[in-house]
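query.cif follows; it contains mmCIF, C-alpha atoms.
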```
data_protein
loop_
_atom_site.label_atom_id
_atom_site.label_comp_id
_atom_site.auth_asym_id
_atom_site.auth_seq_id
_atom_site.Cartn_x
_atom_site.Cartn_y
_atom_site.Cartn_z
CA MET X 106 40.37 30.65 47.62
CA PHE X 107 42.67 33.64 47.26
CA GLY X 108 41.26 36.62 49.09
CA ASP X 109 37.66 36.81 47.91
CA ALA X 110 38.36 34.99 44.65
CA ARG X 111 37.31 31.34 44.66
CA GLY X 112 37.52 28.38 42.35
CA ARG X 113 37.79 24.62 42.12
CA ILE X 114 39.00 22.05 39.63
CA MET X 115 38.27 18.38 40.27
CA THR X 116 39.01 15.53 37.90
CA GLN X 117 37.33 12.19 37.30
CA PHE X 118 38.69 8.98 35.83
CA GLY X 119 37.60 5.36 35.38
CA THR X 120 33.96 4.54 34.79
CA ARG X 121 32.73 8.04 35.68
CA SER X 122 34.60 9.52 32.69
CA THR X 123 32.57 7.21 30.42
CA VAL X 124 29.18 6.95 32.14
CA VAL X 125 28.63 10.67 32.79
CA PRO X 126 29.30 11.89 29.19
CA ARG X 127 27.28 8.93 27.83
CA ASN X 128 24.13 10.26 29.49
CA ASP X 129 24.32 13.72 27.88
CA LEU X 130 23.45 14.00 24.18
CA SER X 131 23.84 17.80 23.89
CA PRO X 132 27.39 17.51 22.40
CA TYR X 133 25.78 16.14 19.22
CA ARG X 134 24.54 19.68 18.52
CA GLY X 135 27.33 21.68 16.89
CA GLN X 136 30.79 20.77 15.65
CA TYR X 137 32.68 20.47 18.93
CA ASN X 138 32.89 17.21 20.86
CA LEU X 139 32.07 18.55 24.31
CA ALA X 140 31.77 15.01 25.69
CA ASP X 141 35.50 14.50 25.20
CA VAL X 142 36.44 18.02 26.28
CA TYR X 143 34.73 17.59 29.67
CA ARG X 144 35.24 13.84 30.01
CA TYR X 145 37.85 13.99 32.78
CA ILE X 146 36.43 17.00 34.63
CA SER X 147 33.85 16.54 37.37
CA GLU X 148 33.84 20.12 38.66
CA ALA X 149 35.54 23.27 37.38
CA TYR X 150 34.44 26.80 38.21
CA GLY X 151 35.68 30.24 39.15
CA GLY X 152 33.89 32.81 41.22
CA TYR X 153 33.90 35.58 43.78
CA HIS X 154 32.80 35.87 47.39
CA PHE X 155 31.01 39.01 48.55
CA ASN X 156 31.21 39.60 52.29
CA VAL X 157 27.63 40.81 52.78
CA MET X 158 24.88 39.35 54.98
CA HIS X 159 26.25 35.89 55.81
CA GLY X 160 28.00 35.69 52.44
CA ILE X 161 27.20 35.70 48.73
CA ASN X 162 29.07 33.52 46.21
CA VAL X 163 28.87 33.89 42.44
CA ASP X 164 30.38 30.95 40.49
CA ALA X 165 30.56 30.20 36.76
CA GLY X 166 31.54 26.85 35.24
CA MET X 167 30.62 23.24 35.95
CA PHE X 168 29.39 22.39 39.43
CA MET X 169 27.57 19.57 41.18
CA SER X 170 23.81 19.20 41.08
CA TYR X 171 21.82 18.83 44.28
CA ILE X 172 18.78 17.28 42.57
CA GLY X 173 18.24 13.69 43.71
CA LEU X 174 19.98 14.18 47.10
CA ASN X 175 22.82 11.71 46.52
CA SER X 176 26.32 13.15 46.48
CA TYR X 177 28.53 12.91 43.38
CA TYR X 178 31.18 11.52 45.78
CA GLN X 179 30.21 7.95 46.61
CA VAL X 180 31.85 7.95 50.04
CA GLU X 181 29.31 10.53 51.25
CA ASN X 182 26.27 8.42 50.34
CA TRP X 183 24.49 6.03 52.68
CA GLU X 184 23.91 3.50 49.88
CA TYR X 185 26.24 2.42 47.08
CA GLN X 186 23.64 1.65 44.39
CA ALA X 187 21.64 4.84 43.98
CA SER X 188 17.86 4.62 44.06
CA PHE X 189 15.84 5.53 40.96
CA THR X 190 15.27 9.11 42.18
CA SER X 191 18.98 9.90 42.28
CA ASP X 192 20.05 7.63 39.42
CA ASN X 193 17.78 9.36 36.89
CA THR X 194 18.33 12.99 37.88
CA PRO X 195 21.32 15.28 37.18
CA TRP X 196 24.81 14.81 38.57
CA PHE X 197 26.18 18.14 37.32
CA PHE X 198 25.18 21.55 35.98
CA ASN X 199 27.02 23.82 33.55
CA GLY X 200 26.42 27.56 33.93
CA ILE X 201 26.19 30.17 36.69
CA ARG X 202 25.03 29.86 40.30
CA PHE X 203 24.47 32.46 43.01
CA GLN X 204 24.76 31.28 46.62
CA ILE X 205 23.06 33.73 48.96
CA PHE X 206 23.15 33.21 52.75
CA PRO X 207 20.64 35.63 54.38
CA THR X 208 21.17 33.89 57.75
CA GLU X 209 23.46 31.21 59.11
CA HIS X 210 20.59 28.70 58.73
CA LEU X 211 19.33 29.56 55.23
CA LYS X 212 20.81 29.34 51.72
CA ILE X 213 19.08 30.58 48.54
CA GLU X 214 20.81 29.53 45.31
CA PRO X 215 19.51 30.60 41.86
CA TRP X 216 20.89 28.89 38.71
CA ILE X 217 21.22 29.89 35.05
CA ILE X 218 22.45 26.73 33.33
CA ASN X 219 22.72 25.09 29.92
CA GLY X 220 20.10 22.50 30.79
CA TRP X 221 19.28 19.31 32.62
CA GLN X 222 22.74 17.75 33.05
CA SER X 223 23.97 18.97 29.67
CA TYR X 224 27.34 20.25 28.54
CA GLY X 225 25.63 22.39 25.88
CA MET X 226 22.09 23.63 25.18
CA PHE X 227 19.64 21.44 23.26
CA ASN X 228 17.70 24.51 22.09
CA GLN X 229 18.04 28.30 22.39
CA LEU X 230 16.62 28.75 25.89
CA PRO X 231 18.90 28.12 28.91
CA GLY X 232 17.59 26.29 31.94
CA VAL X 233 16.77 28.17 35.13
CA GLY X 234 16.22 26.94 38.64
CA GLY X 235 17.46 27.06 42.16
CA ASN X 236 18.00 25.49 45.54
CA ILE X 237 16.69 26.56 48.93
CA THR X 238 18.25 24.86 51.95
CA TRP X 239 17.14 25.49 55.51
CA ILE X 240 18.98 23.98 58.50
CA PRO X 241 17.16 25.20 61.64
CA ASN X 242 19.43 23.15 63.94
CA SER X 243 22.07 20.43 63.86
CA ASN X 244 19.43 17.66 63.63
CA ILE X 245 17.18 18.83 60.77
CA LYS X 246 17.80 19.77 57.14
CA LEU X 247 15.11 20.73 54.61
CA LEU X 248 15.75 21.52 50.96
CA THR X 249 14.01 22.02 47.66
CA ASN X 250 15.49 22.08 44.14
CA ASP X 251 13.37 23.35 41.25
CA TYR X 252 14.12 23.47 37.53
CA TYR X 253 12.55 24.78 34.31
CA GLY X 254 13.94 24.46 30.78
CA THR X 255 13.61 23.15 27.22
CA ASP X 256 15.64 19.95 27.07
CA ALA X 257 14.18 17.96 24.17
CA ALA X 258 16.35 18.40 21.06
CA GLY X 259 14.45 20.09 18.26
CA TYR X 260 11.25 20.61 20.28
CA LEU X 261 11.26 24.35 21.03
CA GLY X 262 7.73 24.22 22.43
CA ARG X 263 8.35 21.38 24.89
CA HIS X 264 9.07 22.63 28.39
CA ARG X 265 10.26 20.67 31.42
CA PHE X 266 9.53 21.40 35.08
CA HIS X 267 10.96 19.39 37.96
CA SER X 268 10.78 19.75 41.74
CA ASP X 269 13.04 17.74 44.06
CA ASN X 270 12.43 17.90 47.82
CA SER X 271 14.26 16.26 50.74
CA PHE X 272 13.98 16.05 54.52
CA LEU X 273 16.85 14.79 56.67
CA TRP X 274 16.39 14.16 60.39
CA ARG X 275 18.92 12.94 62.94
CA TYR X 276 16.49 11.63 65.51
CA TYR X 277 19.01 10.08 67.91
CA ASN X 278 22.43 11.32 68.96
CA ALA X 279 24.47 9.86 71.82
CA PRO X 280 28.15 10.26 70.81
CA LYS X 281 29.50 8.90 74.11
CA SER X 282 27.47 5.70 73.97
CA THR X 283 29.22 2.36 73.50
CA GLY X 284 26.15 1.03 71.66
CA VAL X 285 24.06 3.02 69.19
CA THR X 286 25.66 6.45 68.77
CA LYS X 287 23.30 8.09 66.28
CA ALA X 288 20.45 7.40 63.88
CA ALA X 289 19.11 9.42 60.95
CA LEU X 290 16.30 9.31 58.39
CA SER X 291 16.28 10.64 54.82
CA LEU X 292 13.10 11.21 52.77
CA THR X 293 13.02 12.49 49.18
CA GLY X 294 10.12 13.15 46.82
CA ASP X 295 10.32 14.34 43.19
CA ILE X 296 7.63 15.48 40.82
CA GLY X 297 7.88 16.92 37.32
CA PHE X 298 6.55 16.90 33.78
CA GLU X 299 7.12 17.86 30.15
CA LYS X 300 4.43 19.72 28.20
CA GLY X 301 4.13 20.89 24.60
CA ASP X 302 5.03 19.61 21.11
CA GLY X 303 3.20 16.30 21.44
CA VAL X 304 3.21 15.61 25.19
CA ASN X 305 0.79 16.84 27.84
CA GLY X 306 2.23 16.71 31.36
CA PHE X 307 -0.10 14.84 33.72
CA ASN X 308 -3.06 14.98 31.31
CA ASN X 309 -3.59 11.68 29.46
CA SER X 310 -6.94 12.50 27.85
CA ASP X 311 -5.45 11.93 24.36
CA PRO X 312 -2.96 9.05 24.86
CA VAL X 313 -2.41 8.56 21.10
CA ASN X 314 -1.68 12.09 19.88
CA ASN X 315 -0.86 13.98 23.08
CA PRO X 316 0.02 11.52 25.89
CA ALA X 317 0.97 12.29 29.46
CA GLN X 318 4.67 12.70 30.14
CA TYR X 319 5.71 13.13 33.76
CA PHE X 320 8.04 11.98 36.53
CA VAL X 321 7.09 10.97 40.08
CA SER X 322 9.49 9.29 42.50
CA LEU X 323 10.07 8.67 46.18
CA MET X 324 12.96 7.28 48.21
CA ALA X 325 13.59 6.77 51.92
CA TYR X 326 16.62 5.55 53.87
CA ASN X 327 17.40 5.01 57.53
CA ARG X 328 20.95 4.67 58.88
CA ILE X 329 22.10 3.70 62.37
CA TRP X 330 25.67 4.19 63.63
CA PHE X 331 27.06 2.19 66.54
CA ALA X 332 30.30 1.04 68.22
CA LYS X 333 31.62 4.62 68.49
CA ASN X 334 30.67 5.30 64.86
CA LYS X 335 32.92 2.51 63.59
CA TRP X 336 29.95 0.54 62.21
CA ALA X 337 26.72 1.52 60.48
CA TRP X 338 23.65 -0.23 59.12
CA CYS X 339 21.42 1.28 56.41
CA ILE X 340 18.14 0.12 54.90
CA GLY X 341 15.86 1.80 52.36
CA GLY X 342 14.63 2.01 48.81
CA GLY X 343 12.56 3.92 46.32
CA TRP X 344 9.96 3.97 43.53
CA MET X 345 9.71 5.81 40.22
CA LYS X 346 7.13 6.28 37.46
CA ASN X 347 8.15 8.05 34.23
CA PRO X 348 5.72 7.84 31.26
CA GLY X 349 7.57 8.94 28.14
CA ARG X 350 10.86 7.73 29.66
CA TYR X 351 12.36 11.18 29.19
CA LEU X 352 14.49 10.82 32.34
CA VAL X 353 15.09 7.06 32.28
CA LEU X 354 18.72 6.11 31.66
CA ALA X 355 19.03 3.82 28.65
CA PRO X 356 19.93 0.26 29.70
CA THR X 357 23.06 -1.42 28.48
CA GLY X 358 22.73 -3.17 25.14
CA ASP X 359 24.07 -3.44 21.64
CA ALA X 360 22.55 -0.08 20.65
CA SER X 361 21.72 2.16 23.59
CA PRO X 362 25.11 3.92 24.06
CA PHE X 363 25.22 5.06 20.42
CA PRO X 364 22.86 7.91 19.40
CA ASN X 365 21.39 8.23 15.94
CA GLN X 366 23.48 10.84 14.10
CA TYR X 367 20.34 12.37 12.56
CA ASN X 368 18.34 12.44 15.79
CA PRO X 369 20.48 12.26 18.95
CA THR X 370 17.39 11.85 21.13
CA GLN X 371 16.91 8.36 19.68
CA ALA X 372 19.33 5.44 19.96
CA ALA X 373 20.61 3.78 16.82
CA GLY X 374 21.22 0.11 16.16
CA THR X 375 19.23 -3.09 16.18
CA HIS X 376 17.64 -2.96 19.64
CA PRO X 377 17.26 0.65 20.81
CA PHE X 378 15.61 1.53 24.11
CA THR X 379 12.75 3.73 22.98
CA GLU X 380 11.88 7.04 24.61
CA ASN X 381 8.78 7.87 22.60
CA PRO X 382 5.80 9.84 23.98
CA GLY X 383 3.49 7.37 25.67
CA ASP X 384 6.17 4.73 26.36
CA GLN X 385 5.65 3.57 29.93
CA PHE X 386 8.24 2.93 32.62
CA SER X 387 8.03 2.37 36.35
CA GLY X 388 10.28 0.61 38.82
CA TRP X 389 11.20 0.16 42.45
CA ASP X 390 14.27 -0.81 44.44
CA ALA X 391 15.30 -1.81 47.96
CA SER X 392 18.71 -2.23 49.55
CA THR X 393 20.48 -2.77 52.83
CA ASN X 394 24.15 -2.56 53.77
CA ILE X 395 26.65 -2.83 56.60
CA SER X 396 29.62 -0.47 56.74
CA TRP X 397 32.84 -0.64 58.75
CA MET X 398 34.73 2.64 59.16
CA PRO X 399 38.07 2.07 60.92
CA ASN X 400 38.90 5.79 60.55
CA GLN X 401 37.56 8.96 58.93
CA SER X 402 39.20 8.19 55.58
CA MET X 403 38.26 4.54 54.97
CA GLU X 404 34.99 2.67 54.69
CA PHE X 405 34.36 -0.98 53.81
CA ARG X 406 30.80 -1.79 52.75
CA ILE X 407 28.79 -4.86 51.80
CA GLU X 408 25.39 -4.21 50.25
CA TYR X 409 22.46 -6.23 48.93
CA VAL X 410 20.23 -4.61 46.28
CA HIS X 411 16.98 -5.76 44.68
CA ARG X 412 15.50 -3.79 41.75
CA GLU X 413 12.44 -4.31 39.57
CA ALA X 414 11.00 -2.61 36.48
CA ASP X 415 7.80 -3.07 34.49
CA HIS X 416 9.82 -3.55 31.27
CA PRO X 417 12.99 -5.60 30.62
CA TYR X 418 15.74 -3.26 31.78
CA TYR X 419 18.54 -5.07 33.64
CA ALA X 420 21.38 -7.04 32.07
CA GLY X 421 20.78 -10.81 32.16
CA HIS X 422 23.16 -13.78 31.96
CA GLY X 423 22.57 -14.20 28.22
CA GLY X 424 24.44 -11.02 27.38
CA VAL X 425 23.27 -7.61 26.20
CA THR X 426 26.07 -6.61 23.80
CA SER X 427 26.20 -9.81 21.75
CA PRO X 428 26.04 -13.58 22.41
CA SER X 429 29.80 -13.56 23.06
CA GLY X 430 29.84 -10.25 24.92
CA TYR X 431 32.13 -8.57 22.36
CA THR X 432 31.00 -5.55 20.34
CA PHE X 433 32.49 -6.86 17.07
CA THR X 434 30.52 -10.14 17.11
CA THR X 435 28.07 -10.52 14.22
CA LEU X 436 24.59 -10.77 15.70
CA PRO X 437 22.78 -13.97 14.64
CA THR X 438 19.29 -13.71 13.20
CA GLY X 439 16.68 -13.37 15.91
CA TRP X 440 19.13 -12.54 18.71
CA THR X 441 18.02 -9.92 21.22
CA PRO X 442 19.77 -8.54 24.32
CA ASP X 443 18.97 -10.52 27.45
CA LEU X 444 17.26 -7.79 29.47
CA GLN X 445 15.39 -8.79 32.62
CA LYS X 446 12.68 -7.15 34.71
CA THR X 447 14.43 -7.89 38.03
CA GLU X 448 17.96 -7.70 39.35
CA ASP X 449 19.64 -8.85 42.57
CA ARG X 450 23.17 -7.83 43.48
CA ILE X 451 25.63 -8.20 46.32
CA LEU X 452 28.14 -5.35 46.23
CA LEU X 453 31.49 -5.13 47.98
CA ALA X 454 33.00 -1.64 48.08
CA VAL X 455 36.05 0.06 49.52
CA LEU X 456 35.56 3.83 49.83
CA PHE X 457 38.40 6.24 50.49
CA ARG X 458 38.32 9.95 51.27
CA LEU X 459 41.31 12.28 51.65
#
```

Encoded form (structure tokens):
Amino acid sequence: MFGDARGRIMTQFGTRSTVVPRNDLSPYRGQYNLADVYRYISEAYGGYHFNVMHGINVDAGMFMSYIGLNSYYQVENWEYQASFTSDNTPWFFNGIRFQIFPTEHLKIEPWIINGWQSYGMFNQLPGVGGNITWIPNSNIKLLTNDYYGTDAAGYLGRHRFHSDNSFLWRYYNAPKSTGVTKAALSLTGDIGFEKGDGVNGFNNSDPVNNPAQYFVSLMAYNRIWFAKNKWAWCIGGGWMKNPGRYLVLAPTGDASPFPNQYNPTQAAGTHPFTENPGDQFSGWDASTNISWMPNQSMEFRIEYVHREADHPYYAGHGGVTSPSGYTFTTLPTGWTPDLQKTEDRILLAVLFRL
């Protein structure tokens, strides 16, 4: 900040600079390759602070999304592998936000944005939404994020609504204890739908011509800190149902990362992951981890994750790119990616924060 002017530029490298642009197909509209322009930027905005009430901020640019609860910065999250609720909801917004603080406990934040995690707009109408966060005391935090927009390329009459709601509660706090020092619970519930131009929200009375297309998900986590906050244990998981698959991330495979140049909403190649009206998808996950935090900047974590889906979705041992694993390998007749309905992982992570 400089006086009342404010701004931030944050970069991203490694896998984030590939995964995040991969999940946004709006750059395929128009001549400019926005995916490459924004590839190494995670947050970039400029704004102004008005010293009224308890503060008003107006920012324009790219900023982090709050939908799905999980932070964009992995070190701030209780789990390493995000649950379905956070994994399939936005990580960033591109547009304008207004942060209004009527009291020291309440924030009201309207948005005017390009769309649902999109560098550009899929149609002519921008997305609108907002966040309301209420923190009545140091132990409780309540928030809701709500969004409305047209995010299906070429479908001007298809509208999306999404509501994301979280409750965080620190139910135990004994900072001077040599045993358990604090414990907290996180609950999140999302609900949303798309309606119009061939899909019908929660109404499935005509599953052939006008099927239901909606999103419902839940996740819950509990974390306990002990040994003077040097160690922590977390356990939790979530569930998601998304008929139409309009928010499901495409799994890895020989086709899914490459959109069809004539219709960027559909993957090209030999084995695309379909996202047609009526296509079903549901899944659940559970995880637990132990973290060691020798200081405020470092965290070492070991985590076990189990995930399941009702359709083959996770990469199996037989390979999903080709039999050899290389993209240039000629695919033999009859070969299909080895996608499985279940996945078990043990993750080892070193997290660092400046």

Using only C-alpha atoms, I'd like a table of the residues in segment 309-425 of chain X that come within 9 Å of segment 275-294 of chain X; for each, show the closest atom pair and its distance in Å rounded to one decimal, ordered by chain and ascending number, as JSON lines.
```
{"residue": "X:Val321", "atom": "CA", "partner": "X:Gly294", "partner_atom": "CA", "distance": 7.7}
{"residue": "X:Ser322", "atom": "CA", "partner": "X:Gly294", "partner_atom": "CA", "distance": 5.8}
{"residue": "X:Leu323", "atom": "CA", "partner": "X:Gly294", "partner_atom": "CA", "distance": 4.5}
{"residue": "X:Met324", "atom": "CA", "partner": "X:Thr293", "partner_atom": "CA", "distance": 5.3}
{"residue": "X:Ala325", "atom": "CA", "partner": "X:Leu292", "partner_atom": "CA", "distance": 4.5}
{"residue": "X:Tyr326", "atom": "CA", "partner": "X:Ser291", "partner_atom": "CA", "distance": 5.2}
{"residue": "X:Asn327", "atom": "CA", "partner": "X:Leu290", "partner_atom": "CA", "distance": 4.5}
{"residue": "X:Arg328", "atom": "CA", "partner": "X:Ala289", "partner_atom": "CA", "distance": 5.5}
{"residue": "X:Ile329", "atom": "CA", "partner": "X:Ala288", "partner_atom": "CA", "distance": 4.3}
{"residue": "X:Trp330", "atom": "CA", "partner": "X:Lys287", "partner_atom": "CA", "distance": 5.3}
{"residue": "X:Phe331", "atom": "CA", "partner": "X:Val285", "partner_atom": "CA", "distance": 4.1}
{"residue": "X:Ala332", "atom": "CA", "partner": "X:Gly284", "partner_atom": "CA", "distance": 5.4}
{"residue": "X:Lys333", "atom": "CA", "partner": "X:Thr283", "partner_atom": "CA", "distance": 6.0}
{"residue": "X:Asn334", "atom": "CA", "partner": "X:Thr286", "partner_atom": "CA", "distance": 6.5}
```

Using the chain letters and numbers from the file, which residues does the PyMOL selection byres ((chain X and resi 356) around 12) grab, as an NGL selection string?
-> :X and (124 or 127-128 or 193 or 350 or 353-355 or 357-363 or 372 or 376-380 or 414 or 416-421 or 425-426 or 442-446)

Could the residues in this selection be written to a file with C-alpha atoms, as a JSON list (two decimals), in the coordinates of the input?
```
[["chain", "number", "residue", "atom", "x", "y", "z"],
["X", 124, "VAL", "CA", 29.18, 6.95, 32.14],
["X", 127, "ARG", "CA", 27.28, 8.93, 27.83],
["X", 128, "ASN", "CA", 24.13, 10.26, 29.49],
["X", 193, "ASN", "CA", 17.78, 9.36, 36.89],
["X", 350, "ARG", "CA", 10.86, 7.73, 29.66],
["X", 353, "VAL", "CA", 15.09, 7.06, 32.28],
["X", 354, "LEU", "CA", 18.72, 6.11, 31.66],
["X", 355, "ALA", "CA", 19.03, 3.82, 28.65],
["X", 357, "THR", "CA", 23.06, -1.42, 28.48],
["X", 358, "GLY", "CA", 22.73, -3.17, 25.14],
["X", 359, "ASP", "CA", 24.07, -3.44, 21.64],
["X", 360, "ALA", "CA", 22.55, -0.08, 20.65],
["X", 361, "SER", "CA", 21.72, 2.16, 23.59],
["X", 362, "PRO", "CA", 25.11, 3.92, 24.06],
["X", 363, "PHE", "CA", 25.22, 5.06, 20.42],
["X", 372, "ALA", "CA", 19.33, 5.44, 19.96],
["X", 376, "HIS", "CA", 17.64, -2.96, 19.64],
["X", 377, "PRO", "CA", 17.26, 0.65, 20.81],
["X", 378, "PHE", "CA", 15.61, 1.53, 24.11],
["X", 379, "THR", "CA", 12.75, 3.73, 22.98],
["X", 380, "GLU", "CA", 11.88, 7.04, 24.61],
["X", 414, "ALA", "CA", 11.00, -2.61, 36.48],
["X", 416, "HIS", "CA", 9.82, -3.55, 31.27],
["X", 417, "PRO", "CA", 12.99, -5.60, 30.62],
["X", 418, "TYR", "CA", 15.74, -3.26, 31.78],
["X", 419, "TYR", "CA", 18.54, -5.07, 33.64],
["X", 420, "ALA", "CA", 21.38, -7.04, 32.07],
["X", 421, "GLY", "CA", 20.78, -10.81, 32.16],
["X", 425, "VAL", "CA", 23.27, -7.61, 26.20],
["X", 426, "THR", "CA", 26.07, -6.61, 23.80],
["X", 442, "PRO", "CA", 19.77, -8.54, 24.32],
["X", 443, "ASP", "CA", 18.97, -10.52, 27.45],
["X", 444, "LEU", "CA", 17.26, -7.79, 29.47],
["X", 445, "GLN", "CA", 15.39, -8.79, 32.62],
["X", 446, "LYS", "CA", 12.68, -7.15, 34.71]]
```

Nearest-residue call for Ile451 of chain X, choices X:Pro316, X:Tyr185, X:Ala149, X:Ile240, using all atoms listed in the file =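 Among the listed residues, the smallest separation from Ile451 of chain X belongs to X:Tyr185.
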
Applying 8 Å and only C-alpha atoms, which residues near Glu413 of chain X remain after dropping the ones on its own chain fewer than 2 positions away? List them as a PDB file with C-alpha atoms, keeping the file's coordinate frame.
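Heads up, here's the output in part_6.pdb:
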```
ATOM      1  CA  GLY X 388      10.280   0.610  38.820  1.00  0.00           C
ATOM      2  CA  TRP X 389      11.200   0.160  42.450  1.00  0.00           C
ATOM      3  CA  ASP X 390      14.270  -0.810  44.440  1.00  0.00           C
ATOM      4  CA  HIS X 411      16.980  -5.760  44.680  1.00  0.00           C
ATOM      5  CA  ASP X 415       7.800  -3.070  34.490  1.00  0.00           C
ATOM      6  CA  LYS X 446      12.680  -7.150  34.710  1.00  0.00           C
ATOM      7  CA  THR X 447      14.430  -7.890  38.030  1.00  0.00           C
ATOM      8  CA  GLU X 448      17.960  -7.700  39.350  1.00  0.00           C
TER       9      GLU X 448
END
```

Can you give me, as a list in words, the residues this file yields under the PyMOL selection byres ((chain X and resi 194) around 8)?
->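 For this structure, the PyMOL selection byres ((chain X and resi 194) around 8) resolves to Ile172, Gly173, Thr190, Ser191, Asp192, Asn193, Pro195, Trp196 and Leu352 of chain X.
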
Nearest to Phe405 of chain X: which of X:Met345, X:Ala165, X:Trp336, X:Gly424 is it, counting only C-alpha atoms?
->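 Distance minimum relative to Phe405 of chain X lands on X:Trp336.
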
Would you translate the PyMOL selection byres ((chain X and resi 211-227) around 9) into the concrete set of residues it matches in this file, as a ChimeraX atom specification?
-> /X:126,128-132,134,139-140,143,167,170,194-210,228-241,252-260

Considering all atoms listed in the file, state which residue in the set X:Asp141, X:Asp109, X:Glu404, X:Thr434 is at the smallest distance from Thr123 of chain X.
-> X:Asp141

Near-Ser122 of chain X list (9 Å; all atoms listed in the file; drop same-chain fewer than 6 positions) as a VMD selection string | chain X and resid 143 to 147

One-decimal distance in Å that lies between atom CA of Phe168 of chain X and atom CA of Gln318 of chain X =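 For atom CA of Gln318 of chain X relative to atom CA of Phe168 of chain X, the distance reads 28.1 Å.
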
So how many Å separate atom CA of Gln401 of chain X and atom CA of Ala454 of chain X, to one decimal?
->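 If I compute the distance from atom CA of Gln401 of chain X to atom CA of Ala454 of chain X, I get 15.8 Å.
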
Expected file content for segment 146-167 of chain X, C-alpha atoms, as a short mmCIF file (atom, residue, chain, number, x, y, z; two decimals), in the first residue's frame:
```cif
data_model
loop_
_atom_site.label_atom_id
_atom_site.label_comp_id
_atom_site.auth_asym_id
_atom_site.auth_seq_id
_atom_site.Cartn_x
_atom_site.Cartn_y
_atom_site.Cartn_z
CA ILE X 146 0.29 -14.81 -12.30
CA SER X 147 -1.75 -16.01 -9.33
CA GLU X 148 -2.95 -12.61 -8.13
CA ALA X 149 -2.58 -9.13 -9.63
CA TYR X 150 -4.82 -6.19 -8.78
CA GLY X 151 -4.82 -2.49 -8.03
CA GLY X 152 -7.26 -0.61 -5.88
CA TYR X 153 -8.06 2.10 -3.39
CA HIS X 154 -8.93 2.17 0.30
CA PHE X 155 -11.64 4.52 1.53
CA ASN X 156 -11.40 5.34 5.23
CA VAL X 157 -15.13 5.22 5.99
CA MET X 158 -17.01 2.99 8.45
CA HIS X 159 -14.43 0.30 9.24
CA GLY X 160 -12.97 0.56 5.74
CA ILE X 161 -13.99 0.09 2.11
CA ASN X 162 -11.65 -1.41 -0.51
CA VAL X 163 -12.24 -1.33 -4.26
CA ASP X 164 -9.92 -3.63 -6.26
CA ALA X 165 -9.75 -4.47 -9.98
CA GLY X 166 -7.74 -7.32 -11.49
CA MET X 167 -7.25 -10.98 -10.63
#
```
